[in-house]
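J.: My questions will all concern the structure given below.
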2 protein chains.
Amino acid sequence: MMPRLVPRWPVWLFCWRAACIQGASDPWAGRPGPLVPRGSCSASSRTPEVTLTPERYPVRRLPFSVVSEDDLAALERVVPGRVITDPEELEPPNVDWLRTVRGSSKVLLRPRTTQEVAHILRYCHERNLAVNPQGGNTGMVGGSTPVFDEIILSTALMNQVLSFHDVSGVLVCQAGCVLEALSRYVEERGFIMPLDLGAKGSCHIGGNVATNAGGLRLLRYGSLRGTVLGLEVVLADGTVLNCLTSLRKDNTGYDLKQLFIGSEGTLGVITAVSILCPPKPSTVNVAFLGCPGFAEVLQTFRTCRAMLGEILSAFEFMDAECMKLVRLHLGLSCPVQESPFYVLIETAGSGPGHDAEKLGCFLEQVLDSGLVTDGTLGSDERRIKMLWALRERITEALSRDGYVYKYDLSLPLDRLYDLVGDLRARLGPSAKHVVGYGHLGDGNLHLNVTSEAFSASLLGALEPYVYEWTAGQRGSVSAEHGLGFKKKDVLGYSKPPEALQLMRQLKALLDPKGILNPYKMLPTHA
Amino acid sequence: MMPRLVPRWPVWLFCWRAACIQGASDPWAGRPGPLVPRGSCSASSRTPEVTLTPERYPVRRLPFSVVSEDDLAALERVVPGRVITDPEELEPPNVDWLRTVRGSSKVLLRPRTTQEVAHILRYCHERNLAVNPQGGNTGMVGGSTPVFDEIILSTALMNQVLSFHDVSGVLVCQAGCVLEALSRYVEERGFIMPLDLGAKGSCHIGGNVATNAGGLRLLRYGSLRGTVLGLEVVLADGTVLNCLTSLRKDNTGYDLKQLFIGSEGTLGVITAVSILCPPKPSTVNVAFLGCPGFAEVLQTFRTCRAMLGEILSAFEFMDAECMKLVRLHLGLSCPVQESPFYVLIETAGSGPGHDAEKLGCFLEQVLDSGLVTDGTLGSDERRIKMLWALRERITEALSRDGYVYKYDLSLPLDRLYDLVGDLRARLGPSAKHVVGYGHLGDGNLHLNVTSEAFSASLLGALEPYVYEWTAGQRGSVSAEHGLGFKKKDVLGYSKPPEALQLMRQLKALLDPKGILNPYKMLPTHA
């Protein structure tokens, strides 16, 4: 047996307990990207066919033009050699990562520059051609894949860092930079990205901004609405709106970039991002703890916030079902005694000794008081990554478990987990698994239900129940995933009619022909 | 002599050196509100008459209706007993705190509820009456006072806390709550407001949000764009837009509240605010240091950020001229050896011993290396307030020095102070004082020039020179004060024409008759 955390010990001196990996020499090594490569054999074999979106959902094609041979020739002049029409190449970008929606786009464009994007949009606007902007296509709500035959505008080749200032930490880059690549880039220069999420290996920073991604560092560094300093955006008619400043403070006029943060490509195409990176903390620790109940999880959070204060950088939780799934599908095993709930706490600070001391006092307190029954610590990079993988790879494990019904809710902390139990009772054996995990520190529950295959009756048991329950708590029916295609009609559970009306007016103002990411975000007209 | 900071000493053990107050028993006591009460004798005696805005600036009244007796009767029915028409009572709200602009409004309304605001705006919209929303009237750019005869809509009676959640720290309150009162309220409950500024004793939270106020805590807690969780806003036509959620994360649709943050009352009237308050740090320290040059100020900042990391909560600077003015006009004296520059560093953390140790190591380092020549520390509330007053009361000292030309610029750190020297050389004896101070940690310079009275020729020497210089550095011509009336025509120095165009479109969408805070923020049409 390896040592566990016990009260009154200087826990920061504890050794790491080697993770007991089942059936693999070391599946943790190199921290595999959390997302299965799109269109890979394994993904295809597990779900050979994804139903076309209009066959599953009640949606009608709007009267946009259809791409003609002349259009293709014209677009070829704008992005020579980067107009993709090969059906095989078009397969992955037509399907979302969760394999729940599928478009039938016949054209994908790969611009390299803002001017190319401007030319493309000017052309499409004139010709009334619908456009689906796409980054890493890692979205959870069908926002990044076409619904019908929209032209896919990929930011994949817009992957250049434009500048980095090593005193201020301001990074300016094109929208298609992969988050993980940016993380590496700034970490080599003594900074970190202000956001981090499971999809980091594939997602593009432009897509992160377009969906106002939350992720694992929001608790500490705040939302993109604060850390994004500037944006360059191409509007629907091809106008380039250059608000790519690098200033921490700028109160000259309306903060137009905010319109595009979180607008999921429906108001403009983000082509470049200026973002403030915090200095890299000199010391990071992760504690992975087992809790006997959700009340204890909450009390652990309160204790943690009081005792760790400014060094707390993440407070995540997962239930026992999540642990079961990451073991079952990914071969990861639980590094602590099995518990009804697990908590992952990260600290990041500038004084290794001080941080360890604070963490030690906190752990003593929660172990002493019975809030936590077992725990383990990581302070070197590899071990920290191992512990984080348990939390970060839940999405992947779920996607291997079958068809996933995903809910991403903001709820009052004290009611955060109640819905999970309610649903287990409500659904009974019709669901394969009902799991709850998420960013507890932000009041954000990821509620996921799996079944062998898509089931309309299970969906009927879930919706609108989940949304009504959430609205009853004055929660949000989309905390961080956005609305995309799949959640657009539930917006009314979290926003009043006056807000919907203003959203429509903004859409009409910025994209009067509605060519940008149609069928997304705005509820279907009555 | 009292002990000063010297290298190699455990500086956190140092005693406080009693501030040598000139000509006052204890002018620090009770920390006088930094703003002279509006309309007080002293203010009046110093500048008996403020020129009417249209007499000094080229501005023409737009064809709004003129308030009639019928209007007054109708408004009296909406806010009975709270329609102010007494010329004496109307004097202070017609003049800005800096006494640089003056309107001629004949009516001030004091609603208590959102519904009253909605009724008022519905009526004014129908009647084409212009409205000037006003909070504490502490703005620096003439944004909160009428230009002609706009109806003043005061939030002074909308001062109720609606709710406070003592686990999440979410405060929901009416727009007219005074910032200092809110600070006291949440501090009694173990939290602090995420913003703090010199005008705290008078400014309203609604006004803070409407101007996207920055202030002294932005470095640590970020901007209002991140900390404001929800807003209730009344639109120009009286529609109530209720986006008053208390959720940390909510990605359901466009983040409409962002439109109103920093829009200076031109798009809607903020009636209530939901804001996230950080937990009150258990320990706060302030160091007030003297630096031999601006290069040393910058190097002190870099060192500070590296060594104090997550406990750093403010990094402010002021030059020797500022110190001269607070001594001259307010009787405050310099607590350290006279220096060309002074730096105020605040730390806030959860471990008193740890923080003191970090601060001690930092101070040893900067004293050893000659970056800092002298310094003093405060760690109890009274002393901390004393040190902060030196920085916070500069605005007040300037206003007593004569007519003030105020510039609030975002600039790259390494060029932050260059403009001050340039201007001293450029203006010579035509300026009384040219001073530089501000939020160095945010790249925000407050550049102020004083003269005995308003001088058009001095203004001509300052503008557009200051704006062109700033634009040359890709800076912002308004970092945190906004544009209001006085800066609206310089927006183009920091924003491209496409942004101006979109701003105009948004204004036309939300306020088609242009009744909300006219003549402000948007540049005069060509």
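Letters A, B, ... go to the chains of the structure tokens in the order shown; residues in each chain start at 1; ligands are counted from 1 in the same order.
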Just list as a short mmCIF file (atom, residue, chain, number, x, y, z; two decimals) with N, CA and C atoms, in the first residue's frame whatever in segment 106-281 of chain A DSSP marks as alpha helix (DSSP H).
T.:
```
data_model
loop_
_atom_site.label_atom_id
_atom_site.label_comp_id
_atom_site.auth_asym_id
_atom_site.auth_seq_id
_atom_site.Cartn_x
_atom_site.Cartn_y
_atom_site.Cartn_z
N THR A 114 -6.93 37.40 -43.19
CA THR A 114 -8.16 38.15 -42.95
C THR A 114 -8.73 38.67 -44.27
N GLN A 115 -7.86 39.12 -45.14
CA GLN A 115 -8.34 39.65 -46.42
C GLN A 115 -9.04 38.57 -47.23
N GLU A 116 -8.52 37.35 -47.16
CA GLU A 116 -9.19 36.25 -47.86
C GLU A 116 -10.58 35.99 -47.26
N VAL A 117 -10.66 36.04 -45.94
CA VAL A 117 -11.97 35.86 -45.29
C VAL A 117 -12.92 36.97 -45.73
N ALA A 118 -12.38 38.19 -45.79
CA ALA A 118 -13.22 39.33 -46.21
C ALA A 118 -13.72 39.14 -47.64
N HIS A 119 -12.82 38.68 -48.52
CA HIS A 119 -13.24 38.43 -49.92
C HIS A 119 -14.32 37.37 -49.98
N ILE A 120 -14.11 36.31 -49.24
CA ILE A 120 -15.08 35.20 -49.23
C ILE A 120 -16.45 35.70 -48.77
N LEU A 121 -16.46 36.44 -47.65
CA LEU A 121 -17.75 36.87 -47.12
C LEU A 121 -18.42 37.90 -48.04
N ARG A 122 -17.61 38.77 -48.61
CA ARG A 122 -18.20 39.75 -49.53
C ARG A 122 -18.89 39.01 -50.68
N TYR A 123 -18.20 37.99 -51.18
CA TYR A 123 -18.76 37.21 -52.29
C TYR A 123 -20.03 36.48 -51.85
N CYS A 124 -19.95 35.80 -50.72
CA CYS A 124 -21.10 35.01 -50.25
C CYS A 124 -22.30 35.91 -49.93
N HIS A 125 -22.00 37.07 -49.38
CA HIS A 125 -23.06 38.01 -49.04
C HIS A 125 -23.78 38.46 -50.31
N GLU A 126 -23.00 38.78 -51.31
CA GLU A 126 -23.58 39.23 -52.57
C GLU A 126 -24.41 38.12 -53.21
N ARG A 127 -23.89 36.91 -53.14
CA ARG A 127 -24.54 35.77 -53.79
C ARG A 127 -25.58 35.09 -52.90
N LEU A 179 -5.44 25.86 -29.25
CA LEU A 179 -5.23 26.32 -27.88
C LEU A 179 -3.98 25.71 -27.25
N GLU A 180 -3.79 24.41 -27.46
CA GLU A 180 -2.63 23.74 -26.85
C GLU A 180 -1.32 24.27 -27.40
N ALA A 181 -1.30 24.58 -28.70
CA ALA A 181 -0.09 25.13 -29.31
C ALA A 181 0.20 26.52 -28.71
N LEU A 182 -0.84 27.30 -28.51
CA LEU A 182 -0.65 28.61 -27.89
C LEU A 182 -0.16 28.48 -26.45
N SER A 183 -0.72 27.50 -25.74
CA SER A 183 -0.28 27.26 -24.37
C SER A 183 1.22 26.98 -24.34
N ARG A 184 1.65 26.09 -25.23
CA ARG A 184 3.09 25.78 -25.27
C ARG A 184 3.90 27.03 -25.58
N TYR A 185 3.41 27.79 -26.56
CA TYR A 185 4.12 28.99 -27.00
C TYR A 185 4.31 29.98 -25.84
N VAL A 186 3.24 30.27 -25.13
CA VAL A 186 3.38 31.27 -24.07
C VAL A 186 4.08 30.70 -22.83
N GLU A 187 3.92 29.40 -22.61
CA GLU A 187 4.60 28.80 -21.44
C GLU A 187 6.12 28.86 -21.61
N ILE A 205 -8.48 29.00 -30.97
CA ILE A 205 -8.74 30.13 -30.07
C ILE A 205 -9.92 30.97 -30.59
N GLY A 206 -10.06 31.07 -31.90
CA GLY A 206 -11.19 31.82 -32.45
C GLY A 206 -12.51 31.17 -32.07
N GLY A 207 -12.54 29.84 -32.12
CA GLY A 207 -13.74 29.12 -31.71
C GLY A 207 -13.99 29.26 -30.21
N ASN A 208 -12.92 29.25 -29.43
CA ASN A 208 -13.06 29.46 -27.98
C ASN A 208 -13.73 30.81 -27.71
N VAL A 209 -13.26 31.82 -28.40
CA VAL A 209 -13.81 33.17 -28.19
C VAL A 209 -15.24 33.24 -28.71
N ALA A 210 -15.48 32.63 -29.88
CA ALA A 210 -16.82 32.67 -30.47
C ALA A 210 -17.85 31.98 -29.58
N LEU A 218 -11.32 29.36 -15.33
CA LEU A 218 -12.19 30.53 -15.18
C LEU A 218 -12.26 31.01 -13.74
N LEU A 219 -12.30 30.04 -12.82
CA LEU A 219 -12.37 30.36 -11.40
C LEU A 219 -11.28 31.35 -11.01
N ARG A 220 -10.10 31.18 -11.57
CA ARG A 220 -8.97 32.03 -11.20
C ARG A 220 -8.81 33.25 -12.10
N TYR A 221 -8.89 33.03 -13.40
CA TYR A 221 -8.53 34.11 -14.32
C TYR A 221 -9.72 34.80 -14.96
N LEU A 224 -13.46 35.04 -20.72
CA LEU A 224 -12.84 35.66 -21.90
C LEU A 224 -13.32 37.10 -22.08
N ARG A 225 -14.45 37.43 -21.49
CA ARG A 225 -14.93 38.81 -21.61
C ARG A 225 -13.99 39.79 -20.93
N GLY A 226 -13.19 39.29 -20.01
CA GLY A 226 -12.20 40.13 -19.36
C GLY A 226 -10.82 39.95 -19.94
N THR A 227 -10.47 38.73 -20.34
CA THR A 227 -9.09 38.48 -20.77
C THR A 227 -8.86 38.76 -22.25
N LYS A 257 -16.13 44.42 -29.41
CA LYS A 257 -15.66 43.02 -29.43
C LYS A 257 -16.58 42.12 -28.61
N GLN A 258 -17.22 42.70 -27.58
CA GLN A 258 -18.09 41.88 -26.73
C GLN A 258 -19.25 41.28 -27.52
N LEU A 259 -19.67 41.98 -28.59
CA LEU A 259 -20.76 41.45 -29.42
C LEU A 259 -20.38 40.09 -30.00
N PHE A 260 -19.11 39.92 -30.30
CA PHE A 260 -18.68 38.73 -31.03
C PHE A 260 -18.23 37.61 -30.09
#
```
J.: Counting only C-alpha atoms, which residues of chain A sit at most 6 Å from some atom of chain B, and what is each one's closest atom pair with its distance in Å to one decimal, listed by chain and rising residue number, as CSV?
T.:
```
residue,atom,partner,partner_atom,distance
A:Arg225,CA,B:Gly226,CA,6.0
A:Gly226,CA,B:Gly226,CA,5.2
A:Leu241,CA,B:Glu498,CA,5.8
A:Arg248,CA,B:Asp442,CA,5.8
A:Lys249,CA,B:Ala479,CA,5.0
A:Asp250,CA,B:Ala479,CA,4.3
A:Asn251,CA,B:Gly482,CA,4.9
A:Thr252,CA,B:Ser478,CA,5.5
A:Tyr254,CA,B:Ser263,CA,5.7
A:Ser263,CA,B:Tyr254,CA,5.7
A:Gly309,CA,B:Ser350,CA,5.5
A:Ser350,CA,B:Gly309,CA,5.5
A:Asp442,CA,B:Arg248,CA,5.9
A:Ser476,CA,B:Asp250,CA,5.7
A:Ser478,CA,B:Asn251,CA,5.3
A:Ala479,CA,B:Asp250,CA,4.3
A:Glu480,CA,B:Asn251,CA,5.3
A:Gly482,CA,B:Asn251,CA,4.9
A:Leu491,CA,B:Thr252,CA,5.9
A:Glu498,CA,B:Leu241,CA,5.9
```
J.: Give me the residues near segment 51-55 of chain B as a list of chain:residue names, where near means some atom within 9 Å (using only C-alpha atoms) and where sequence neighbours in that chain fewer than 6 positions away do not count.
T.: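 Near neighbours after the sequence-gap exclusion: B:Arg61, B:Val95, B:Arg99, B:Thr100, B:Val101, B:Arg102, B:Gly103, B:Ser104, B:Pro146, B:Val147, B:Phe148.
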J.: So how far away is atom CA of Asn137 of chain B from atom CA of Glu232 of chain B, in Å?
T.: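 Going from atom CA of Glu232 of chain B over to atom CA of Asn137 of chain B, I get 20.4 Å.
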J.: What lies within 6 Å of segment 365-374 of chain A using only C-alpha atoms, ignoring chain neighbours under 6 positions off, as a PyMOL selection string?
T.: chain A and resi 7+289-291+296
J.: Hey, can you spit out that residue selection with N, CA and C atoms as a PDB file, in the first residue's frame?
T.:
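Dumped everything to again-v1.pdb:
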```pdb
ATOM      1  N   PRO A   7      -4.811  12.764   8.583  1.00  0.00           N
ATOM      2  CA  PRO A   7      -4.737  14.010   9.339  1.00  0.00           C
ATOM      3  C   PRO A   7      -3.415  14.165  10.077  1.00  0.00           C
ATOM      4  N   LEU A 289      -9.245  14.357  -4.191  1.00  0.00           N
ATOM      5  CA  LEU A 289      -9.804  13.939  -2.898  1.00  0.00           C
ATOM      6  C   LEU A 289     -11.111  13.176  -3.066  1.00  0.00           C
ATOM      7  N   GLY A 290     -11.370  12.274  -2.139  1.00  0.00           N
ATOM      8  CA  GLY A 290     -12.653  11.575  -2.129  1.00  0.00           C
ATOM      9  C   GLY A 290     -13.548  12.145  -1.034  1.00  0.00           C
ATOM     10  N   CYS A 291     -14.813  12.384  -1.379  1.00  0.00           N
ATOM     11  CA  CYS A 291     -15.765  12.943  -0.402  1.00  0.00           C
ATOM     12  C   CYS A 291     -16.933  11.980  -0.231  1.00  0.00           C
ATOM     13  N   GLU A 296     -20.608  17.346   1.664  1.00  0.00           N
ATOM     14  CA  GLU A 296     -19.195  17.451   2.040  1.00  0.00           C
ATOM     15  C   GLU A 296     -18.375  18.102   0.911  1.00  0.00           C
TER      16      GLU A 296
END
```
J.: Using DSSP on the backbone coordinates, identify all residues within segment 365-426 of chain B classified as strand (DSSP E or B); present the result as a PyMOL selection string.
T.: chain B and resi 374-378+403-410
J.: How about saving the chosen residues, all heavy atoms kept, as a short mmCIF file (atom, residue, chain, number, x, y, z; two decimals), in the first residue's frame?
T.:
```cif
data_model
loop_
_atom_site.label_atom_id
_atom_site.label_comp_id
_atom_site.auth_asym_id
_atom_site.auth_seq_id
_atom_site.Cartn_x
_atom_site.Cartn_y
_atom_site.Cartn_z
N ASP B 374 13.70 54.66 -0.74
CA ASP B 374 13.13 54.79 0.59
C ASP B 374 11.71 54.25 0.56
O ASP B 374 11.08 54.21 -0.50
CB ASP B 374 13.11 56.28 1.00
CG ASP B 374 12.75 56.45 2.48
OD1 ASP B 374 12.91 55.47 3.24
OD2 ASP B 374 12.31 57.55 2.86
N GLY B 375 11.21 53.86 1.72
CA GLY B 375 9.85 53.32 1.71
C GLY B 375 9.28 53.21 3.10
O GLY B 375 10.00 53.31 4.10
N THR B 376 8.00 53.05 3.17
CA THR B 376 7.33 52.85 4.44
C THR B 376 6.15 51.90 4.23
O THR B 376 5.67 51.75 3.11
CB THR B 376 6.88 54.20 5.04
OG1 THR B 376 6.36 53.98 6.35
CG2 THR B 376 5.79 54.86 4.19
N LEU B 377 5.74 51.26 5.30
CA LEU B 377 4.71 50.23 5.20
C LEU B 377 3.50 50.53 6.07
O LEU B 377 3.63 51.18 7.10
CB LEU B 377 5.28 48.89 5.69
CG LEU B 377 6.16 48.10 4.76
CD1 LEU B 377 6.73 46.91 5.51
CD2 LEU B 377 5.38 47.64 3.55
N GLY B 378 2.36 50.05 5.65
CA GLY B 378 1.17 50.11 6.49
C GLY B 378 0.45 48.79 6.44
O GLY B 378 0.33 48.17 5.37
N TYR B 403 -7.99 75.43 -13.25
CA TYR B 403 -8.70 74.71 -14.30
C TYR B 403 -7.84 73.50 -14.68
O TYR B 403 -6.63 73.61 -14.82
CB TYR B 403 -8.91 75.61 -15.52
CG TYR B 403 -9.80 74.96 -16.55
CD1 TYR B 403 -11.18 75.16 -16.53
CD2 TYR B 403 -9.27 74.11 -17.51
CE1 TYR B 403 -12.01 74.53 -17.46
CE2 TYR B 403 -10.09 73.47 -18.43
CZ TYR B 403 -11.46 73.69 -18.40
OH TYR B 403 -12.26 73.07 -19.30
N VAL B 404 -8.52 72.34 -14.78
CA VAL B 404 -7.74 71.11 -15.02
C VAL B 404 -8.04 70.55 -16.42
O VAL B 404 -9.19 70.36 -16.79
CB VAL B 404 -8.09 70.02 -13.98
CG1 VAL B 404 -7.15 68.83 -14.13
CG2 VAL B 404 -8.04 70.56 -12.57
N TYR B 405 -7.01 70.31 -17.17
CA TYR B 405 -7.10 69.61 -18.46
C TYR B 405 -6.73 68.16 -18.16
O TYR B 405 -5.59 67.88 -17.79
CB TYR B 405 -6.14 70.21 -19.48
CG TYR B 405 -6.30 71.71 -19.61
CD1 TYR B 405 -5.71 72.57 -18.68
CD2 TYR B 405 -7.06 72.24 -20.64
CE1 TYR B 405 -5.88 73.94 -18.77
CE2 TYR B 405 -7.24 73.63 -20.74
CZ TYR B 405 -6.65 74.47 -19.80
OH TYR B 405 -6.83 75.82 -19.89
N LYS B 406 -7.70 67.28 -18.32
CA LYS B 406 -7.52 65.89 -17.86
C LYS B 406 -7.34 64.95 -19.04
O LYS B 406 -8.16 64.97 -19.97
CB LYS B 406 -8.79 65.44 -17.11
CG LYS B 406 -8.78 65.81 -15.64
CD LYS B 406 -9.80 65.01 -14.86
CE LYS B 406 -9.17 64.36 -13.64
NZ LYS B 406 -8.30 65.20 -12.86
N TYR B 407 -6.36 64.10 -18.98
CA TYR B 407 -6.19 63.07 -20.00
C TYR B 407 -6.00 61.74 -19.28
O TYR B 407 -5.26 61.64 -18.29
CB TYR B 407 -5.01 63.41 -20.91
CG TYR B 407 -5.22 64.74 -21.57
CD1 TYR B 407 -4.67 65.90 -21.01
CD2 TYR B 407 -6.05 64.86 -22.67
CE1 TYR B 407 -4.93 67.15 -21.56
CE2 TYR B 407 -6.32 66.11 -23.23
CZ TYR B 407 -5.76 67.25 -22.68
OH TYR B 407 -6.04 68.47 -23.22
N ASP B 408 -6.67 60.75 -19.81
CA ASP B 408 -6.72 59.43 -19.17
C ASP B 408 -6.35 58.43 -20.26
O ASP B 408 -7.20 58.05 -21.06
CB ASP B 408 -8.16 59.22 -18.65
CG ASP B 408 -8.47 57.79 -18.34
OD1 ASP B 408 -7.61 57.10 -17.79
OD2 ASP B 408 -9.61 57.35 -18.66
N LEU B 409 -5.08 58.07 -20.30
CA LEU B 409 -4.56 57.36 -21.47
C LEU B 409 -4.10 55.94 -21.15
O LEU B 409 -3.55 55.70 -20.07
CB LEU B 409 -3.36 58.14 -22.03
CG LEU B 409 -3.59 59.66 -22.21
CD1 LEU B 409 -2.27 60.36 -22.53
CD2 LEU B 409 -4.64 59.94 -23.28
N SER B 410 -4.35 55.03 -22.07
CA SER B 410 -3.69 53.72 -22.00
C SER B 410 -2.49 53.79 -22.93
O SER B 410 -2.64 54.19 -24.10
CB SER B 410 -4.63 52.61 -22.49
OG SER B 410 -5.40 52.11 -21.44
#
```
J.: At a cut-off of 10 Å, using only C-alpha atoms, what residues contact Val67 of chain B? Leave out same-chain residues fewer than 2 positions from it and give the result as a PyMOL selection string.
T.: chain B and resi 64-65+69-72+105-107+124+127-130+149-151
J.: Name all residues at most 12 Å from Pro429 of chain B (count only C-alpha atoms; drop same-chain ones fewer than 4 positions away) and give them as an mmCIF file with C-alpha atoms, in the first residue's frame.
T.:
```cif
data_model
loop_
_atom_site.group_PDB
_atom_site.id
_atom_site.type_symbol
_atom_site.label_atom_id
_atom_site.label_comp_id
_atom_site.auth_asym_id
_atom_site.auth_seq_id
_atom_site.Cartn_x
_atom_site.Cartn_y
_atom_site.Cartn_z
ATOM 1 C CA LEU B 423 4.466 68.276 -22.419
ATOM 2 C CA ARG B 424 6.426 70.086 -19.743
ATOM 3 C CA ALA B 425 8.918 71.098 -22.407
ATOM 4 C CA HIS B 433 1.442 72.149 -13.373
ATOM 5 C CA VAL B 434 1.887 69.100 -15.580
ATOM 6 C CA VAL B 449 -2.364 69.918 -16.711
ATOM 7 C CA THR B 450 -3.550 72.877 -14.657
ATOM 8 C CA SER B 451 -3.818 76.587 -15.342
ATOM 9 C CA GLU B 452 -5.265 79.469 -13.345
ATOM 10 C CA LEU B 458 -3.271 76.210 -23.730
#
```
